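**Student:** Quick one, protein-v4.pdb (PDB, C-alpha atoms):
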```pdb
ATOM      1  CA  MET A   5      40.161 -25.650 -37.776
ATOM      2  CA  PRO A   6      38.988 -29.085 -36.562
ATOM      3  CA  ALA A   7      38.250 -27.705 -33.089
ATOM      4  CA  GLN A   8      36.300 -24.822 -34.591
ATOM      5  CA  SER A   9      34.270 -27.211 -36.728
ATOM      6  CA  VAL A  10      33.357 -29.256 -33.677
ATOM      7  CA  LEU A  11      32.148 -26.163 -31.871
ATOM      8  CA  ILE A  12      30.037 -25.135 -34.833
ATOM      9  CA  ARG A  13      28.470 -28.579 -35.074
ATOM     10  CA  ASP A  14      27.753 -28.624 -31.353
ATOM     11  CA  SER A  15      26.181 -25.185 -31.510
ATOM     12  CA  SER A  16      24.065 -26.213 -34.473
ATOM     13  CA  PHE A  17      22.910 -29.357 -32.678
ATOM     14  CA  LEU A  18      21.889 -27.443 -29.566
ATOM     15  CA  THR A  19      20.041 -24.925 -31.708
ATOM     16  CA  ARG A  20      18.095 -27.680 -33.443
ATOM     17  CA  VAL A  21      17.247 -29.284 -30.096
ATOM     18  CA  LEU A  22      15.973 -25.964 -28.744
ATOM     19  CA  GLN A  23      13.962 -25.302 -31.890
ATOM     20  CA  GLN A  24      12.421 -28.755 -31.706
ATOM     21  CA  TYR A  25      11.531 -28.228 -28.068
ATOM     22  CA  LEU A  26       9.903 -24.869 -28.780
ATOM     23  CA  SER A  27       8.014 -26.439 -31.655
ATOM     24  CA  LEU A  28       6.648 -29.096 -29.292
ATOM     25  CA  LEU A  29       5.761 -26.379 -26.823
ATOM     26  CA  LYS A  30       3.625 -24.653 -29.434
ATOM     27  CA  ARG A  31       1.982 -27.819 -30.759
ATOM     28  CA  TYR A  32       1.493 -29.656 -27.462
ATOM     29  CA  PRO A  33       1.829 -27.014 -24.727
ATOM     30  CA  ILE A  34       0.339 -28.910 -21.801
ATOM     31  CA  ILE A  35       2.103 -32.199 -22.489
ATOM     32  CA  THR A  36       5.436 -30.496 -23.117
ATOM     33  CA  LYS A  37       5.206 -28.353 -19.997
ATOM     34  CA  SER A  38       4.098 -31.318 -17.899
ATOM     35  CA  VAL A  39       6.929 -33.596 -19.002
ATOM     36  CA  THR A  40       9.506 -30.843 -18.534
ATOM     37  CA  SER A  41       8.064 -29.992 -15.145
ATOM     38  CA  GLY A  42       8.215 -33.590 -13.998
ATOM     39  CA  PHE A  43      11.822 -33.979 -15.092
ATOM     40  CA  LEU A  44      13.055 -30.739 -13.548
ATOM     41  CA  SER A  45      11.129 -31.242 -10.324
ATOM     42  CA  ALA A  46      12.732 -34.660  -9.876
ATOM     43  CA  LEU A  47      16.156 -33.260 -10.714
ATOM     44  CA  GLY A  48      15.751 -30.393  -8.254
ATOM     45  CA  ASN A  49      14.808 -32.742  -5.431
ATOM     46  CA  LEU A  50      17.721 -35.049  -6.194
ATOM     47  CA  LEU A  51      20.214 -32.176  -6.233
ATOM     48  CA  SER A  52      18.916 -30.737  -2.977
ATOM     49  CA  GLN A  53      19.136 -34.134  -1.283
ATOM     50  CA  ALA A  54      22.698 -34.509  -2.563
ATOM     51  CA  LEU A  55      23.712 -31.179  -1.039
ATOM     52  CA  GLU A  56      22.017 -32.060   2.211
ATOM     53  CA  TYR A  57      23.942 -35.346   2.271
ATOM     54  CA  ARG A  58      27.186 -33.523   1.518
ATOM     55  CA  LYS A  59      26.608 -31.030   4.310
ATOM     56  CA  SER A  60      25.985 -33.809   6.840
ATOM     57  CA  ASN A  61      29.335 -35.353   5.911
ATOM     58  CA  LYS A  62      31.224 -32.080   6.366
ATOM     59  CA  GLU A  63      29.674 -31.460   9.771
ATOM     60  CA  ASN A  64      30.422 -35.040  10.920
ATOM     61  CA  SER A  65      26.763 -35.445  11.772
ATOM     62  CA  PRO A  66      24.794 -38.649  11.131
ATOM     63  CA  LYS A  67      24.661 -39.296   7.423
ATOM     64  CA  LYS A  68      21.283 -38.717   5.826
ATOM     65  CA  LYS A  69      20.254 -41.323   3.338
ATOM     66  CA  ILE A  70      19.154 -40.352  -0.144
ATOM     67  CA  ASN A  71      15.428 -40.884  -0.449
ATOM     68  CA  VAL A  72      15.136 -42.568  -3.832
ATOM     69  CA  LEU A  73      11.373 -42.123  -3.839
ATOM     70  CA  GLY A  74      11.720 -38.360  -3.440
ATOM     71  CA  PRO A  75      12.514 -37.668  -7.112
ATOM     72  CA  VAL A  76       9.736 -40.082  -8.121
ATOM     73  CA  HIS A  77       7.192 -38.186  -6.035
ATOM     74  CA  PHE A  78       8.383 -34.885  -7.472
ATOM     75  CA  ALA A  79       8.193 -36.236 -11.000
ATOM     76  CA  ILE A  80       4.595 -37.346 -10.431
ATOM     77  CA  PHE A  81       3.643 -33.986  -8.959
ATOM     78  CA  GLY A  82       5.329 -32.034 -11.746
ATOM     79  CA  LEU A  83       3.873 -34.199 -14.498
ATOM     80  CA  PHE A  84       0.267 -34.324 -13.335
ATOM     81  CA  ILE A  85      -0.112 -31.161 -11.260
ATOM     82  CA  THR A  86       2.470 -28.439 -11.872
ATOM     83  CA  GLY A  87       2.464 -28.532 -15.660
ATOM     84  CA  PRO A  88      -1.296 -28.543 -16.320
ATOM     85  CA  VAL A  89      -2.316 -26.324 -13.389
ATOM     86  CA  SER A  90       0.298 -23.659 -14.123
ATOM     87  CA  HIS A  91      -0.667 -23.617 -17.799
ATOM     88  CA  TYR A  92      -4.280 -22.797 -16.990
ATOM     89  CA  ILE A  93      -3.430 -20.349 -14.199
ATOM     90  CA  TYR A  94      -1.411 -18.141 -16.537
ATOM     91  CA  HIS A  95      -4.136 -18.195 -19.149
ATOM     92  CA  LEU A  96      -6.703 -17.354 -16.489
ATOM     93  CA  LEU A  97      -4.700 -14.309 -15.448
ATOM     94  CA  GLU A  98      -4.834 -13.045 -19.021
ATOM     95  CA  VAL A  99      -8.598 -13.559 -19.167
ATOM     96  CA  LEU A 100      -9.376 -11.980 -15.803
ATOM     97  CA  LEU A 101      -7.003  -9.044 -16.199
ATOM     98  CA  PRO A 102      -6.458  -8.141 -19.870
ATOM     99  CA  ASN A 103      -4.314  -5.179 -20.857
ATOM    100  CA  THR A 104      -7.372  -2.933 -21.011
ATOM    101  CA  VAL A 105      -7.851  -3.158 -17.236
ATOM    102  CA  PRO A 106      -6.294  -0.236 -15.326
ATOM    103  CA  TYR A 107      -3.153  -1.204 -13.409
ATOM    104  CA  CYS A 108      -3.392  -4.702 -14.876
ATOM    105  CA  LEU A 109       0.349  -5.331 -14.412
ATOM    106  CA  ILE A 110       0.189  -4.884 -10.655
ATOM    107  CA  LYS A 111      -3.172  -6.618 -10.325
ATOM    108  CA  ARG A 112      -1.927  -9.739 -12.137
ATOM    109  CA  LEU A 113       1.100  -9.913  -9.896
ATOM    110  CA  LEU A 114      -0.942  -9.492  -6.722
ATOM    111  CA  LEU A 115      -3.462 -12.115  -7.809
ATOM    112  CA  GLU A 116      -0.741 -14.639  -8.595
ATOM    113  CA  ARG A 117       1.372 -13.877  -5.528
ATOM    114  CA  LEU A 118      -1.390 -13.565  -2.917
ATOM    115  CA  ILE A 119      -3.994 -16.041  -4.166
ATOM    116  CA  PHE A 120      -2.602 -18.592  -6.614
ATOM    117  CA  ALA A 121       0.855 -19.072  -5.086
ATOM    118  CA  PRO A 122      -0.355 -19.751  -1.497
ATOM    119  CA  ALA A 123      -3.077 -22.076  -2.752
ATOM    120  CA  PHE A 124      -0.628 -23.982  -4.936
ATOM    121  CA  LEU A 125       1.843 -24.327  -2.094
ATOM    122  CA  LEU A 126      -0.884 -25.790   0.091
ATOM    123  CA  LEU A 127      -1.852 -28.182  -2.697
ATOM    124  CA  PHE A 128       1.785 -29.210  -2.927
ATOM    125  CA  TYR A 129       1.929 -30.130   0.749
ATOM    126  CA  VAL A 130      -1.310 -32.108   0.574
ATOM    127  CA  ILE A 131      -0.358 -34.165  -2.480
ATOM    128  CA  MET A 132       3.221 -34.819  -1.386
ATOM    129  CA  ASN A 133       1.941 -35.923   2.013
ATOM    130  CA  ALA A 134      -0.361 -38.414   0.281
ATOM    131  CA  LEU A 135       2.372 -39.667  -2.062
ATOM    132  CA  GLU A 136       4.642 -40.284   0.904
ATOM    133  CA  GLY A 137       1.921 -42.244   2.692
ATOM    134  CA  LYS A 138       1.850 -39.966   5.717
ATOM    135  CA  THR A 139      -1.055 -39.212   8.019
ATOM    136  CA  LEU A 140      -3.253 -36.156   8.399
ATOM    137  CA  ALA A 141      -1.386 -35.358  11.606
ATOM    138  CA  ASP A 142       1.889 -35.349   9.668
ATOM    139  CA  LEU A 143       0.389 -32.951   7.148
ATOM    140  CA  GLN A 144      -0.844 -30.605   9.848
ATOM    141  CA  ASN A 145       2.574 -30.599  11.522
ATOM    142  CA  LYS A 146       4.358 -29.961   8.218
ATOM    143  CA  ILE A 147       2.089 -27.048   7.369
ATOM    144  CA  LYS A 148       2.444 -25.638  10.871
ATOM    145  CA  THR A 149       6.251 -25.762  10.868
ATOM    146  CA  SER A 150       7.249 -24.983   7.284
ATOM    147  CA  TYR A 151       4.377 -23.552   5.237
ATOM    148  CA  TRP A 152       4.836 -19.940   6.301
ATOM    149  CA  PRO A 153       8.672 -19.923   5.981
ATOM    150  CA  ALA A 154       8.381 -21.479   2.514
ATOM    151  CA  MET A 155       5.753 -18.952   1.480
ATOM    152  CA  LYS A 156       7.845 -16.015   2.645
ATOM    153  CA  MET A 157      10.843 -17.376   0.763
ATOM    154  CA  ASN A 158       8.701 -17.706  -2.341
ATOM    155  CA  TRP A 159       7.537 -14.092  -2.124
ATOM    156  CA  LYS A 160      11.025 -12.810  -1.400
ATOM    157  CA  VAL A 161      12.870 -14.603  -4.182
ATOM    158  CA  TRP A 162      10.390 -14.955  -7.019
ATOM    159  CA  THR A 163       8.130 -11.904  -6.920
ATOM    160  CA  PRO A 164      10.347  -9.725  -9.192
ATOM    161  CA  ILE A 165      10.775 -12.610 -11.639
ATOM    162  CA  GLN A 166       7.063 -13.338 -11.647
ATOM    163  CA  PHE A 167       6.303  -9.700 -12.415
ATOM    164  CA  ILE A 168       8.339  -9.987 -15.612
ATOM    165  CA  ASN A 169       7.061 -13.438 -16.455
ATOM    166  CA  ILE A 170       3.371 -12.634 -16.014
ATOM    167  CA  ASN A 171       3.369  -9.257 -17.726
ATOM    168  CA  TYR A 172       6.011  -9.344 -20.448
ATOM    169  CA  VAL A 173       6.327 -12.963 -21.574
ATOM    170  CA  PRO A 174       3.755 -14.269 -24.091
ATOM    171  CA  VAL A 175       1.196 -16.345 -22.229
ATOM    172  CA  GLN A 176       1.885 -19.427 -24.353
ATOM    173  CA  ASN A 177       5.502 -19.293 -23.175
ATOM    174  CA  GLN A 178       4.809 -18.792 -19.495
ATOM    175  CA  GLY A 179       5.758 -22.312 -18.557
ATOM    176  CA  SER A 180       5.840 -22.445 -14.810
ATOM    177  CA  PHE A 181       7.840 -25.543 -13.925
ATOM    178  CA  GLY A 182       9.199 -24.618 -10.585
ATOM    179  CA  LYS A 183       7.243 -25.273  -7.491
ATOM    180  CA  PRO A 184       8.333 -25.458  -3.886
ATOM    181  CA  GLY A 185      10.932 -27.916  -2.718
ATOM    182  CA  TYR A 186       9.737 -30.434  -0.172
ATOM    183  CA  MET A 187      12.794 -31.066   1.940
ATOM    184  CA  ARG A 188      13.435 -32.758   5.233
ATOM    185  CA  ASN A 189      15.620 -29.759   6.049
ATOM    186  CA  PRO A 190      13.871 -26.443   5.261
ATOM    187  CA  GLU A 191      17.291 -24.870   4.674
ATOM    188  CA  TYR A 192      17.277 -26.449   1.214
ATOM    189  CA  ASP A 193      13.780 -25.425   0.164
ATOM    190  CA  LEU A 194      15.189 -22.512  -1.814
ATOM    191  CA  LEU A 195      17.589 -24.729  -3.722
ATOM    192  CA  THR A 196      14.902 -27.148  -4.800
ATOM    193  CA  TRP A 197      12.564 -24.341  -5.779
ATOM    194  CA  THR A 198      15.295 -22.562  -7.742
ATOM    195  CA  SER A 199      16.644 -25.590  -9.576
ATOM    196  CA  CYS A 200      13.158 -26.413 -10.842
ATOM    197  CA  LYS A 201      11.966 -22.945 -11.609
ATOM    198  CA  LEU A 202      14.922 -21.689 -13.627
ATOM    199  CA  THR A 203      13.577 -23.482 -16.682
ATOM    200  CA  LYS A 204      11.068 -20.683 -16.978
ATOM    201  CA  PHE A 205      13.814 -18.573 -18.539
ATOM    202  CA  HIS A 206      13.701 -20.748 -21.666
ATOM    203  CA  PHE A 207      10.477 -18.981 -22.504
ATOM    204  CA  HIS A 208      11.578 -15.476 -21.621
ATOM    205  CA  LEU A 209      13.689 -15.446 -24.782
ATOM    206  CA  VAL A 210      10.946 -16.554 -27.131
ATOM    207  CA  LYS A 211       8.529 -13.997 -28.515
ATOM    208  CA  ASN A 212       5.856 -15.154 -30.942
TER     209      ASN A 212
END
```
Represent the structure of the file as structure tokens.

**Tutor:**
Amino acid sequence: MPAQSVLIRDSSFLTRVLQQYLSLLKRYPIITKSVTSGFLSALGNLLSQALEYRKSNKENSPKKKINVLGPVHFAIFGLFITGPVSHYIYHLLEVLLPNTVPYCLIKRLLLERLIFAPAFLLLFYVIMNALEGKTLADLQNKIKTSYWPAMKMNWKVWTPIQFININYVPVQNQGSFGKPGYMRNPEYDLLTWTSCKLTKFHFHLVKN
């Protein structure tokens, strides 16, 4: 009985926390999405760096130091860019392609995948390059070496999820928190992207 009571209390607490969060999302959508985006973006970068560090230890290669400014840069980008920009992009899709437009489901997906996503990825590289204090030459080299692989990974992994998110989730709940991971090793781009973007599923379960 005591153990069962604890579980019930824990479940009730988590339910209240989720309800409070969803209430904030409705009352202050941009602020709530921005803060959540900043937190998850920082967490995703930290986790990906930790795995990269762990891999270097297993392979007996030179240890890679944890970049403590990495999560800070991601938090800034998520707070001031990802949250607000994504909020308006999803609303714009609804305005440009309402349900009365023929083939609107496919058209929304194509517009987001082929126009908004590439542009946002480029914006990500530019702002992160500035936050890290790097030069224009560094930016050009980064785009040349990793932009296209990151974009292809984005299309491959997230296109089916985005189809559901854009077309079947209420627009006020389409919180897009996950944006591309900016890693020293491109092998971990997918991890950073995934760890940030999974928060979107919070809103898939909420229908207003």

**Student:** Taking 4 positions as the minimum chain separation for residues in the same chain, which residues sit within 12 Å of region 125-141 of chain A when counting only C-alpha atoms? Answer as an MDAnalysis selection string.

**Tutor:** chainID A and resid 71:82 84:86 89 116:121 145:159 182:187 197

**Student:** Considering all atoms listed in the file, can you say which of A:Ile35, A:Leu18, A:Leu26, A:Ile170 comes closest to Asn103 (chain A)?

**Tutor:**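 Using all atoms listed in the file, Asn103 (chain A) sits closest to A:Ile170.
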
**Student:** Please identify all polymer residues lying at most 12 Å from the point (25.0, -38.6, 7.5) (file coordinates), using all atoms listed in the file, and present the result as a ChimeraX atom specification.

**Tutor:** /A:53-70

**Student:** Hey, can I get the axis-aligned box for region 42-61 of chain A? All listed atoms, 5 Å padding on each side, centre and edge lengths in Å to one decimal, as JSON.

**Tutor:**
```
{"center_x": 18.8, "center_y": -32.9, "center_z": -4.1, "size_x": 31.1, "size_y": 15.0, "size_z": 31.9}
```

**Student:** I need the output of the PyMOL selection byres ((chain A and resi 94) around 12) for this file as a count of residues only; which residues are they?

**Tutor:** 34

**Student:** May I ask for the distance between CA of Thr40 (chain A) and CA of Lys160 (chain A), given in Å to one decimal place?

**Tutor:**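 Here the two named atoms are 24.9 Å from each other.
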
**Student:** Mind giving me the straight-line distance from CA of Ser41 (chain A) to CA of Leu83 (chain A) in Å, one decimal?

**Tutor:**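 Distance reported for this atom pair: 6.0 Å.
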
**Student:** Kindly give the distance, in Å, that separates CA of Pro106 (chain A) and CA of Ile165 (chain A), rounded to a single decimal.

**Tutor:**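 Distance between the two atoms: 21.4 Å.
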
**Student:** Once N, CA and C atoms are restored for region 78-114 of chain A, what would the output be as a PDB file, in the coordinates of the input?

**Tutor:**
```pdb
ATOM      1  N   PHE A  78       8.327 -36.188  -6.820  1.00  0.00           N
ATOM      2  CA  PHE A  78       8.383 -34.885  -7.472  1.00  0.00           C
ATOM      3  C   PHE A  78       8.044 -34.995  -8.952  1.00  0.00           C
ATOM      4  N   ALA A  79       8.504 -36.046  -9.586  1.00  0.00           N
ATOM      5  CA  ALA A  79       8.193 -36.236 -11.000  1.00  0.00           C
ATOM      6  C   ALA A  79       6.687 -36.395 -11.204  1.00  0.00           C
ATOM      7  N   ILE A  80       6.044 -37.150 -10.337  1.00  0.00           N
ATOM      8  CA  ILE A  80       4.595 -37.346 -10.431  1.00  0.00           C
ATOM      9  C   ILE A  80       3.870 -36.018 -10.240  1.00  0.00           C
ATOM     10  N   PHE A  81       4.289 -35.264  -9.230  1.00  0.00           N
ATOM     11  CA  PHE A  81       3.643 -33.986  -8.959  1.00  0.00           C
ATOM     12  C   PHE A  81       3.845 -33.012 -10.124  1.00  0.00           C
ATOM     13  N   GLY A  82       5.059 -32.946 -10.638  1.00  0.00           N
ATOM     14  CA  GLY A  82       5.329 -32.034 -11.746  1.00  0.00           C
ATOM     15  C   GLY A  82       4.583 -32.412 -13.009  1.00  0.00           C
ATOM     16  N   LEU A  83       4.509 -33.714 -13.277  1.00  0.00           N
ATOM     17  CA  LEU A  83       3.873 -34.199 -14.498  1.00  0.00           C
ATOM     18  C   LEU A  83       2.366 -33.984 -14.487  1.00  0.00           C
ATOM     19  N   PHE A  84       1.731 -34.323 -13.372  1.00  0.00           N
ATOM     20  CA  PHE A  84       0.267 -34.324 -13.335  1.00  0.00           C
ATOM     21  C   PHE A  84      -0.348 -33.081 -12.690  1.00  0.00           C
ATOM     22  N   ILE A  85       0.447 -32.320 -11.950  1.00  0.00           N
ATOM     23  CA  ILE A  85      -0.112 -31.161 -11.260  1.00  0.00           C
ATOM     24  C   ILE A  85       0.522 -29.849 -11.752  1.00  0.00           C
ATOM     25  N   THR A  86       1.827 -29.709 -11.573  1.00  0.00           N
ATOM     26  CA  THR A  86       2.470 -28.439 -11.872  1.00  0.00           C
ATOM     27  C   THR A  86       2.280 -28.005 -13.320  1.00  0.00           C
ATOM     28  N   GLY A  87       2.569 -28.895 -14.256  1.00  0.00           N
ATOM     29  CA  GLY A  87       2.464 -28.532 -15.660  1.00  0.00           C
ATOM     30  C   GLY A  87       1.074 -28.087 -16.068  1.00  0.00           C
ATOM     31  N   PRO A  88       0.058 -28.934 -15.903  1.00  0.00           N
ATOM     32  CA  PRO A  88      -1.296 -28.543 -16.320  1.00  0.00           C
ATOM     33  C   PRO A  88      -1.863 -27.365 -15.536  1.00  0.00           C
ATOM     34  N   VAL A  89      -1.720 -27.384 -14.202  1.00  0.00           N
ATOM     35  CA  VAL A  89      -2.316 -26.324 -13.389  1.00  0.00           C
ATOM     36  C   VAL A  89      -1.694 -24.973 -13.720  1.00  0.00           C
ATOM     37  N   SER A  90      -0.368 -24.920 -13.821  1.00  0.00           N
ATOM     38  CA  SER A  90       0.298 -23.659 -14.123  1.00  0.00           C
ATOM     39  C   SER A  90      -0.105 -23.132 -15.497  1.00  0.00           C
ATOM     40  N   HIS A  91      -0.252 -24.019 -16.449  1.00  0.00           N
ATOM     41  CA  HIS A  91      -0.667 -23.617 -17.799  1.00  0.00           C
ATOM     42  C   HIS A  91      -1.999 -22.867 -17.744  1.00  0.00           C
ATOM     43  N   TYR A  92      -2.960 -23.415 -17.040  1.00  0.00           N
ATOM     44  CA  TYR A  92      -4.280 -22.797 -16.990  1.00  0.00           C
ATOM     45  C   TYR A  92      -4.306 -21.562 -16.099  1.00  0.00           C
ATOM     46  N   ILE A  93      -3.475 -21.526 -15.065  1.00  0.00           N
ATOM     47  CA  ILE A  93      -3.430 -20.349 -14.199  1.00  0.00           C
ATOM     48  C   ILE A  93      -2.971 -19.128 -14.985  1.00  0.00           C
ATOM     49  N   TYR A  94      -1.922 -19.281 -15.774  1.00  0.00           N
ATOM     50  CA  TYR A  94      -1.411 -18.141 -16.537  1.00  0.00           C
ATOM     51  C   TYR A  94      -2.413 -17.673 -17.584  1.00  0.00           C
ATOM     52  N   HIS A  95      -3.104 -18.594 -18.198  1.00  0.00           N
ATOM     53  CA  HIS A  95      -4.136 -18.195 -19.149  1.00  0.00           C
ATOM     54  C   HIS A  95      -5.299 -17.502 -18.439  1.00  0.00           C
ATOM     55  N   LEU A  96      -5.622 -17.968 -17.239  1.00  0.00           N
ATOM     56  CA  LEU A  96      -6.703 -17.354 -16.489  1.00  0.00           C
ATOM     57  C   LEU A  96      -6.361 -15.917 -16.110  1.00  0.00           C
ATOM     58  N   LEU A  97      -5.116 -15.669 -15.765  1.00  0.00           N
ATOM     59  CA  LEU A  97      -4.700 -14.309 -15.448  1.00  0.00           C
ATOM     60  C   LEU A  97      -4.926 -13.373 -16.624  1.00  0.00           C
ATOM     61  N   GLU A  98      -4.635 -13.861 -17.830  1.00  0.00           N
ATOM     62  CA  GLU A  98      -4.834 -13.045 -19.021  1.00  0.00           C
ATOM     63  C   GLU A  98      -6.310 -12.756 -19.255  1.00  0.00           C
ATOM     64  N   VAL A  99      -7.159 -13.735 -18.957  1.00  0.00           N
ATOM     65  CA  VAL A  99      -8.598 -13.559 -19.167  1.00  0.00           C
ATOM     66  C   VAL A  99      -9.189 -12.615 -18.127  1.00  0.00           C
ATOM     67  N   LEU A 100      -8.816 -12.795 -16.874  1.00  0.00           N
ATOM     68  CA  LEU A 100      -9.376 -11.980 -15.803  1.00  0.00           C
ATOM     69  C   LEU A 100      -8.882 -10.542 -15.841  1.00  0.00           C
ATOM     70  N   LEU A 101      -7.613 -10.376 -16.230  1.00  0.00           N
ATOM     71  CA  LEU A 101      -7.003  -9.044 -16.199  1.00  0.00           C
ATOM     72  C   LEU A 101      -6.303  -8.742 -17.525  1.00  0.00           C
ATOM     73  N   PRO A 102      -7.068  -8.482 -18.579  1.00  0.00           N
ATOM     74  CA  PRO A 102      -6.458  -8.141 -19.870  1.00  0.00           C
ATOM     75  C   PRO A 102      -5.773  -6.778 -19.801  1.00  0.00           C
ATOM     76  N   ASN A 103      -5.076  -6.430 -20.845  1.00  0.00           N
ATOM     77  CA  ASN A 103      -4.314  -5.179 -20.857  1.00  0.00           C
ATOM     78  C   ASN A 103      -5.190  -3.941 -20.779  1.00  0.00           C
ATOM     79  N   THR A 104      -6.464  -4.080 -21.067  1.00  0.00           N
ATOM     80  CA  THR A 104      -7.372  -2.933 -21.011  1.00  0.00           C
ATOM     81  C   THR A 104      -7.768  -2.564 -19.588  1.00  0.00           C
ATOM     82  N   VAL A 105      -7.510  -3.432 -18.634  1.00  0.00           N
ATOM     83  CA  VAL A 105      -7.851  -3.158 -17.236  1.00  0.00           C
ATOM     84  C   VAL A 105      -6.814  -2.215 -16.625  1.00  0.00           C
ATOM     85  N   PRO A 106      -7.255  -1.149 -15.958  1.00  0.00           N
ATOM     86  CA  PRO A 106      -6.294  -0.236 -15.326  1.00  0.00           C
ATOM     87  C   PRO A 106      -5.401  -0.960 -14.315  1.00  0.00           C
ATOM     88  N   TYR A 107      -4.139  -0.622 -14.332  1.00  0.00           N
ATOM     89  CA  TYR A 107      -3.153  -1.204 -13.409  1.00  0.00           C
ATOM     90  C   TYR A 107      -3.121  -2.736 -13.509  1.00  0.00           C
ATOM     91  N   CYS A 108      -3.327  -3.248 -14.712  1.00  0.00           N
ATOM     92  CA  CYS A 108      -3.392  -4.702 -14.876  1.00  0.00           C
ATOM     93  C   CYS A 108      -2.075  -5.384 -14.506  1.00  0.00           C
ATOM     94  N   LEU A 109      -0.941  -4.712 -14.715  1.00  0.00           N
ATOM     95  CA  LEU A 109       0.349  -5.331 -14.412  1.00  0.00           C
ATOM     96  C   LEU A 109       0.469  -5.649 -12.925  1.00  0.00           C
ATOM     97  N   ILE A 110       0.113  -4.687 -12.097  1.00  0.00           N
ATOM     98  CA  ILE A 110       0.189  -4.884 -10.655  1.00  0.00           C
ATOM     99  C   ILE A 110      -0.884  -5.857 -10.184  1.00  0.00           C
ATOM    100  N   LYS A 111      -2.068  -5.754 -10.745  1.00  0.00           N
ATOM    101  CA  LYS A 111      -3.172  -6.618 -10.325  1.00  0.00           C
ATOM    102  C   LYS A 111      -2.885  -8.083 -10.643  1.00  0.00           C
ATOM    103  N   ARG A 112      -2.295  -8.355 -11.802  1.00  0.00           N
ATOM    104  CA  ARG A 112      -1.927  -9.739 -12.137  1.00  0.00           C
ATOM    105  C   ARG A 112      -0.929 -10.287 -11.137  1.00  0.00           C
ATOM    106  N   LEU A 113       0.072  -9.467 -10.838  1.00  0.00           N
ATOM    107  CA  LEU A 113       1.100  -9.913  -9.896  1.00  0.00           C
ATOM    108  C   LEU A 113       0.498 -10.194  -8.524  1.00  0.00           C
ATOM    109  N   LEU A 114      -0.336  -9.306  -8.038  1.00  0.00           N
ATOM    110  CA  LEU A 114      -0.942  -9.492  -6.722  1.00  0.00           C
ATOM    111  C   LEU A 114      -1.839 -10.728  -6.697  1.00  0.00           C
TER     112      LEU A 114
END
```
